Amino acid sequence: MRLITRVRSLAFVVWLICAGALLALAAVVGLSTPVSVTAAPGDLNLFVSQYPQVENTELNDCVVCHSSGTDLNPYGEDYLAQGRTMDALMLIENIDSDDDGVANKVEIDVALEPGDEDQTPSQAFIPLIAR
Ligand SMILES: [Ca+2]
Ligand SMILES: [Ca+2]
């Protein structure tokens, strides 16, 4: 009887150690995984509400804020940093999130991605667009 009780106690201790190790592993994996943000349908609806001119363009898509999968592009990061609201969209209109030399709103007006530095309007058209 004593032996059975000891074996059960030992099994319980081993189970506790394994469970603790699994929890520690899960915590390490969780902490080392980059934070990703998934666009809520509300974010895109908000964007299209603010900029209805993009409704039938490629900007009516996750690419506005995401570079790939759930990774945010610079515009998405700025939008997130400002609180993911209509006010956030307006607060980041006049900055150049992707550092391509053109303000976000100017790019949005011509349906180019404000978070993709490889998409920028021709420098010759910028004075006309920015009016
Ligand atoms: Ca830009
Ligand atoms: Ca751009």
# chains A, B, ... in the order shown; residues from 1 in each chain; ligands from 1
$ residues_near_ligand --ligand "ligand 1" --cutoff "7 Å" --atoms "only C-alpha atoms and all ligand atoms" --output "MDAnalysis selection string"
chainID A and resid 96:104 107 114:115 117 120
$ closest_residue --among "A:Ala11, A:Glu58, A:Arg84, A:Gly76" --to "Asp43 in chain A" --atoms "only C-alpha atoms"
A:Arg84
$ closest_residue --among "A:Asn56, A:Ser122, A:Ile108, A:Asp61" --to "Leu89 in chain A" --atoms "only C-alpha atoms"
A:Ile108
$ residues_around --residues "range 77-82 of chain A" --least-positions-apart "3" --cutoff "9 Å" --atoms "only C-alpha atoms" --output "list in words"
Val37, Cys65, His66, Leu72, Asn73, Pro74, Thr85, Asp87, Ala88, Leu89, Leu91, Ile92, Ser97 and Gly115 of chain A
$ write_last_selection --atoms "N, CA and C atoms" --output "compact mmCIF listing (two decimals), in the first residue's frame"
# COMPACT_ATOMS: atom_id res chain seq x y z
N VAL A 37 -0.84 41.51 -36.62
CA VAL A 37 -2.16 42.10 -36.50
C VAL A 37 -2.97 41.73 -37.72
N CYS A 65 -2.66 48.05 -45.52
CA CYS A 65 -1.93 48.03 -44.24
C CYS A 65 -0.97 46.85 -44.08
N HIS A 66 -1.12 45.83 -44.92
CA HIS A 66 -0.31 44.63 -44.73
C HIS A 66 0.65 44.42 -45.91
N LEU A 72 2.48 44.00 -40.90
CA LEU A 72 2.06 45.34 -41.26
C LEU A 72 3.12 46.03 -42.10
N ASN A 73 2.69 46.83 -43.06
CA ASN A 73 3.61 47.69 -43.79
C ASN A 73 3.71 49.01 -43.00
N PRO A 74 4.55 49.93 -43.42
CA PRO A 74 4.73 51.17 -42.64
C PRO A 74 3.42 51.96 -42.45
N THR A 85 -8.45 54.13 -35.84
CA THR A 85 -9.74 54.80 -35.89
C THR A 85 -9.79 55.73 -37.11
N ASP A 87 -10.02 58.88 -36.89
CA ASP A 87 -9.06 59.94 -36.55
C ASP A 87 -7.64 59.53 -36.89
N ALA A 88 -7.33 58.26 -36.68
CA ALA A 88 -5.99 57.76 -37.00
C ALA A 88 -5.70 57.92 -38.49
N LEU A 89 -6.70 57.60 -39.32
CA LEU A 89 -6.52 57.76 -40.76
C LEU A 89 -6.20 59.21 -41.11
N LEU A 91 -4.99 61.52 -39.08
CA LEU A 91 -3.73 61.95 -38.47
C LEU A 91 -2.51 61.56 -39.31
N ILE A 92 -2.63 60.48 -40.08
CA ILE A 92 -1.48 60.03 -40.85
C ILE A 92 -1.58 60.40 -42.33
N SER A 97 4.42 57.57 -44.83
CA SER A 97 4.70 56.35 -44.06
C SER A 97 5.77 55.48 -44.71
N GLY A 115 1.78 52.38 -48.14
CA GLY A 115 2.70 51.60 -47.32
C GLY A 115 3.72 50.84 -48.15
$ atom_distance --atom1 "CA of Gln119 in chain A" --atom2 "CA of Thr57 in chain A"
14.0 Å
$ atom_distance --atom1 "CA of Met86 in chain A" --atom2 "CA of Tyr51 in chain A"
10.5 Å
